[in-house]
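K.L.:
Sharing a structure with you now.
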Amino acid sequence: MDIASDKLASDLVLLDLRGMFAFADYFILANGESTPQLNAIADSVEEELKKLGVRLHHREGTPEEGWLLLDYGDTVVHVFDPVARNYYGLDRLWREAPALLKVQ
């Protein structure tokens with residue numbers, strides 16, 4: 001979460017999906033306000049986790065589309081612009097999941 005906040009990501013949420021979801025234990029949701037910021041947030045997360053030996057399984061989306069997904073197996077990082085975040089509604093879809101951390 002600190003990695004994303006270092007790139008000025010907003011509305012950060014860590015959802016605990018353990019026992020609710022078959023393929024991930026945690027979702028991290030973050031907002032960026034522009035295409036360059038979305039890219040910077042995702043690239044920074046990817047770089048820092050790679051340094052720690054955490055392997056990225058899959059990357060989807062583009063900053064131009066307003067969303068990026070970084071799949072690390074047990075943890076999935078979602079980086080959105082505010083319009084895409086509202087459209088996909090993961091906060092609403094997974095409202096039953098406990099939010100372990102929220103940073104506005």
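We label chains A, B, ... in the order they appear in the structure tokens, count residues from 1 in each chain, and number ligands from 1 in the order shown.
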At a cut-off of 9 Å, using only C-alpha atoms, what residues contact Ala99 of chain A? Leave out same-chain residues fewer than 4 positions from it and give the result as a short mmCIF file (atom, residue, chain, number, x, y, z; two decimals) with C-alpha atoms, in the first residue's frame.
P.N.:
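Saved file part_29.cif follows:
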data_model
loop_
_atom_site.label_atom_id
_atom_site.label_comp_id
_atom_site.auth_asym_id
_atom_site.auth_seq_id
_atom_site.Cartn_x
_atom_site.Cartn_y
_atom_site.Cartn_z
CA VAL A 13 -8.46 -0.11 0.13
CA LEU A 14 -7.18 -3.53 1.16
CA LEU A 15 -10.00 -6.09 1.08
CA ASP A 16 -9.72 -9.44 2.85
CA ARG A 95 -18.77 -4.98 0.23
#
K.L.:
Neighbours of Ala84 of chain A within 9 Å (only C-alpha atoms; same-chain residues fewer than 5 positions away dropped), as a list of chain:residue names?
P.N.:
A:Glu65, A:Gly66, A:Trp67, A:Gly89
K.L.:
Hey, can you spit out that residue selection with N, CA and C atoms as a short mmCIF file (atom, residue, chain, number, x, y, z; two decimals), in the first residue's frame?
P.N.:
data_model
loop_
_atom_site.label_atom_id
_atom_site.label_comp_id
_atom_site.auth_asym_id
_atom_site.auth_seq_id
_atom_site.Cartn_x
_atom_site.Cartn_y
_atom_site.Cartn_z
N GLU A 65 -7.30 2.81 -20.82
CA GLU A 65 -8.63 2.25 -20.57
C GLU A 65 -9.16 2.63 -19.19
N GLY A 66 -8.29 3.18 -18.36
CA GLY A 66 -8.70 3.62 -17.03
C GLY A 66 -8.55 2.57 -15.95
N TRP A 67 -7.92 1.45 -16.26
CA TRP A 67 -7.73 0.42 -15.24
C TRP A 67 -6.54 -0.47 -15.58
N GLY A 89 -17.21 -1.16 -9.98
CA GLY A 89 -17.87 -1.32 -8.69
C GLY A 89 -17.35 -2.41 -7.79
#
K.L.:
Could you pull out all residues of chain A with a DSSP call of helix (DSSP H, G or I) and give them as a ChimeraX atom specification?
P.N.:
/A:2-6,35-51,63-65,82-88,90-93
K.L.:
Neighbouring residues of segment 52-60 of chain A were defined as those with any atom within 10 Å, considering only C-alpha atoms; residues of the same chain fewer than 5 positions away were excluded. Please report them as a ChimeraX atom specification.
P.N.:
/A:42,46-47,67-73,76-78
K.L.:
Keeping only N, CA and C atoms, take the residues you just selected and write them out as a PDB file, in the first residue's frame.
P.N.:
ATOM      1  N   ALA A  42       1.120   1.492 -11.100  1.00  0.00           N
ATOM      2  CA  ALA A  42       1.263   0.073 -11.450  1.00  0.00           C
ATOM      3  C   ALA A  42       2.728  -0.306 -11.645  1.00  0.00           C
ATOM      4  N   GLU A  46       4.884  -3.012  -9.397  1.00  0.00           N
ATOM      5  CA  GLU A  46       5.545  -4.122 -10.076  1.00  0.00           C
ATOM      6  C   GLU A  46       7.057  -4.131  -9.785  1.00  0.00           C
ATOM      7  N   GLU A  47       7.690  -2.971  -9.894  1.00  0.00           N
ATOM      8  CA  GLU A  47       9.139  -2.862  -9.648  1.00  0.00           C
ATOM      9  C   GLU A  47       9.519  -3.250  -8.225  1.00  0.00           C
ATOM     10  N   TRP A  67      -7.921   1.445 -16.264  1.00  0.00           N
ATOM     11  CA  TRP A  67      -7.731   0.420 -15.243  1.00  0.00           C
ATOM     12  C   TRP A  67      -6.543  -0.474 -15.576  1.00  0.00           C
ATOM     13  N   LEU A  68      -5.912  -0.954 -14.538  1.00  0.00           N
ATOM     14  CA  LEU A  68      -4.852  -1.953 -14.656  1.00  0.00           C
ATOM     15  C   LEU A  68      -5.050  -2.977 -13.549  1.00  0.00           C
ATOM     16  N   LEU A  69      -4.740  -4.210 -13.851  1.00  0.00           N
ATOM     17  CA  LEU A  69      -4.837  -5.289 -12.881  1.00  0.00           C
ATOM     18  C   LEU A  69      -3.488  -5.976 -12.833  1.00  0.00           C
ATOM     19  N   LEU A  70      -2.953  -6.131 -11.633  1.00  0.00           N
ATOM     20  CA  LEU A  70      -1.700  -6.860 -11.409  1.00  0.00           C
ATOM     21  C   LEU A  70      -2.026  -8.071 -10.553  1.00  0.00           C
ATOM     22  N   ASP A  71      -1.874  -9.252 -11.111  1.00  0.00           N
ATOM     23  CA  ASP A  71      -2.234 -10.493 -10.430  1.00  0.00           C
ATOM     24  C   ASP A  71      -0.978 -11.138  -9.854  1.00  0.00           C
ATOM     25  N   TYR A  72      -0.929 -11.177  -8.527  1.00  0.00           N
ATOM     26  CA  TYR A  72       0.184 -11.809  -7.825  1.00  0.00           C
ATOM     27  C   TYR A  72      -0.242 -13.119  -7.156  1.00  0.00           C
ATOM     28  N   GLY A  73      -1.266 -13.729  -7.675  1.00  0.00           N
ATOM     29  CA  GLY A  73      -1.739 -14.988  -7.105  1.00  0.00           C
ATOM     30  C   GLY A  73      -2.699 -14.712  -5.964  1.00  0.00           C
ATOM     31  N   VAL A  76      -4.369  -9.455  -5.633  1.00  0.00           N
ATOM     32  CA  VAL A  76      -4.616  -8.807  -6.919  1.00  0.00           C
ATOM     33  C   VAL A  76      -4.699  -7.302  -6.670  1.00  0.00           C
ATOM     34  N   VAL A  77      -3.902  -6.550  -7.418  1.00  0.00           N
ATOM     35  CA  VAL A  77      -3.869  -5.097  -7.302  1.00  0.00           C
ATOM     36  C   VAL A  77      -4.659  -4.512  -8.463  1.00  0.00           C
ATOM     37  N   HIS A  78      -5.639  -3.668  -8.133  1.00  0.00           N
ATOM     38  CA  HIS A  78      -6.462  -2.986  -9.132  1.00  0.00           C
ATOM     39  C   HIS A  78      -6.147  -1.498  -9.051  1.00  0.00           C
TER      40      HIS A  78
END
K.L.:
Quote the spacing between atom CA of Pro36 of chain A and atom CA of Lys102 of chain A in Å to one decimal place.
P.N.:
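Result for atom CA of Pro36 of chain A versus atom CA of Lys102 of chain A: 23.3 Å, one decimal.
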K.L.:
With only C-alpha atoms as the counted atoms, please give the residues lying no more than 10 Å from Glu33 of chain A, apart from itself and same-chain residues fewer than 4 positions off, as a ChimeraX atom specification.
P.N.:
/A:8-10,37-38,66,80-83
K.L.:
Suppose we keep C-alpha atoms; can you now write the selection as a short mmCIF file (atom, residue, chain, number, x, y, z; two decimals), in the first residue's frame?
P.N.:
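Writing the result to part.cif gives the following:
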data_model
loop_
_atom_site.label_atom_id
_atom_site.label_comp_id
_atom_site.auth_asym_id
_atom_site.auth_seq_id
_atom_site.Cartn_x
_atom_site.Cartn_y
_atom_site.Cartn_z
CA LEU A 8 0.01 9.70 -4.71
CA ALA A 9 -2.62 7.02 -5.27
CA SER A 10 -5.88 7.87 -3.55
CA GLN A 37 -0.28 8.40 -12.76
CA LEU A 38 -2.07 5.08 -13.31
CA GLY A 66 -8.70 3.62 -17.03
CA PHE A 80 -8.35 2.63 -11.56
CA ASP A 81 -9.23 6.10 -12.63
CA PRO A 82 -12.30 7.22 -10.64
CA VAL A 83 -14.74 6.70 -13.55
#
K.L.:
Apply DSSP to the structure's backbone, then extract all residues of chain A labelled strand (DSSP E) and return them as a VMD selection string.
P.N.:
chain A and resid 10 to 16 26 to 31 58 to 62 67 to 71 75 to 80 99 to 103
K.L.:
Take the selection from the previous step and output its residues with C-alpha atoms, as a compact mmCIF listing (two decimals), in the first residue's frame.
P.N.:
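Saved result, part17.txt, follows:
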# COMPACT_ATOMS: atom_id res chain seq x y z
CA SER A 10 -5.88 7.87 -3.55
CA ASP A 11 -8.79 5.93 -2.08
CA LEU A 12 -6.61 2.91 -1.24
CA VAL A 13 -8.46 -0.11 0.13
CA LEU A 14 -7.18 -3.53 1.16
CA LEU A 15 -10.00 -6.09 1.08
CA ASP A 16 -9.72 -9.44 2.85
CA TYR A 26 -6.71 -10.01 -1.02
CA PHE A 27 -7.69 -7.20 -3.36
CA ILE A 28 -5.89 -3.90 -3.25
CA LEU A 29 -7.86 -1.06 -4.88
CA ALA A 30 -6.25 2.27 -5.73
CA ASN A 31 -7.15 5.35 -7.72
CA HIS A 58 -0.49 -11.59 -15.07
CA ARG A 59 -1.07 -7.95 -16.01
CA GLU A 60 -4.25 -6.72 -17.70
CA GLY A 61 -5.70 -3.42 -18.83
CA THR A 62 -4.04 -0.18 -19.82
CA TRP A 67 -7.73 0.42 -15.24
CA LEU A 68 -4.85 -1.95 -14.66
CA LEU A 69 -4.84 -5.29 -12.88
CA LEU A 70 -1.70 -6.86 -11.41
CA ASP A 71 -2.23 -10.49 -10.43
CA THR A 75 -3.15 -10.75 -4.01
CA VAL A 76 -4.62 -8.81 -6.92
CA VAL A 77 -3.87 -5.10 -7.30
CA HIS A 78 -6.46 -2.99 -9.13
CA VAL A 79 -5.47 0.53 -10.22
CA PHE A 80 -8.35 2.63 -11.56
CA ALA A 99 -11.57 -3.74 4.64
CA LEU A 100 -8.28 -4.27 6.47
CA LEU A 101 -7.03 -0.83 5.53
CA LYS A 102 -8.53 2.30 3.99
CA VAL A 103 -6.54 5.38 3.06
K.L.:
From the set A:Glu96, A:Asp43, A:Asp91, A:Glu48, which residue has the shortest atom-to-atom contact distance to Gly19 of chain A, counting only C-alpha atoms?
P.N.:
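Closest to Gly19 of chain A, using only C-alpha atoms: A:Glu96.
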K.L.:
Atom CA of Ala24 of chain A and atom CA of Val45 of chain A are how many Å apart?
P.N.:
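Calculated distance between atom CA of Ala24 of chain A and atom CA of Val45 of chain A is 17.5 Å.
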K.L.:
Mind giving me the straight-line distance from atom CA of Asp74 of chain A to atom CA of Phe23 of chain A in Å, one decimal?
P.N.:
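Taking atom CA of Asp74 of chain A and atom CA of Phe23 of chain A, their separation equals 6.9 Å.
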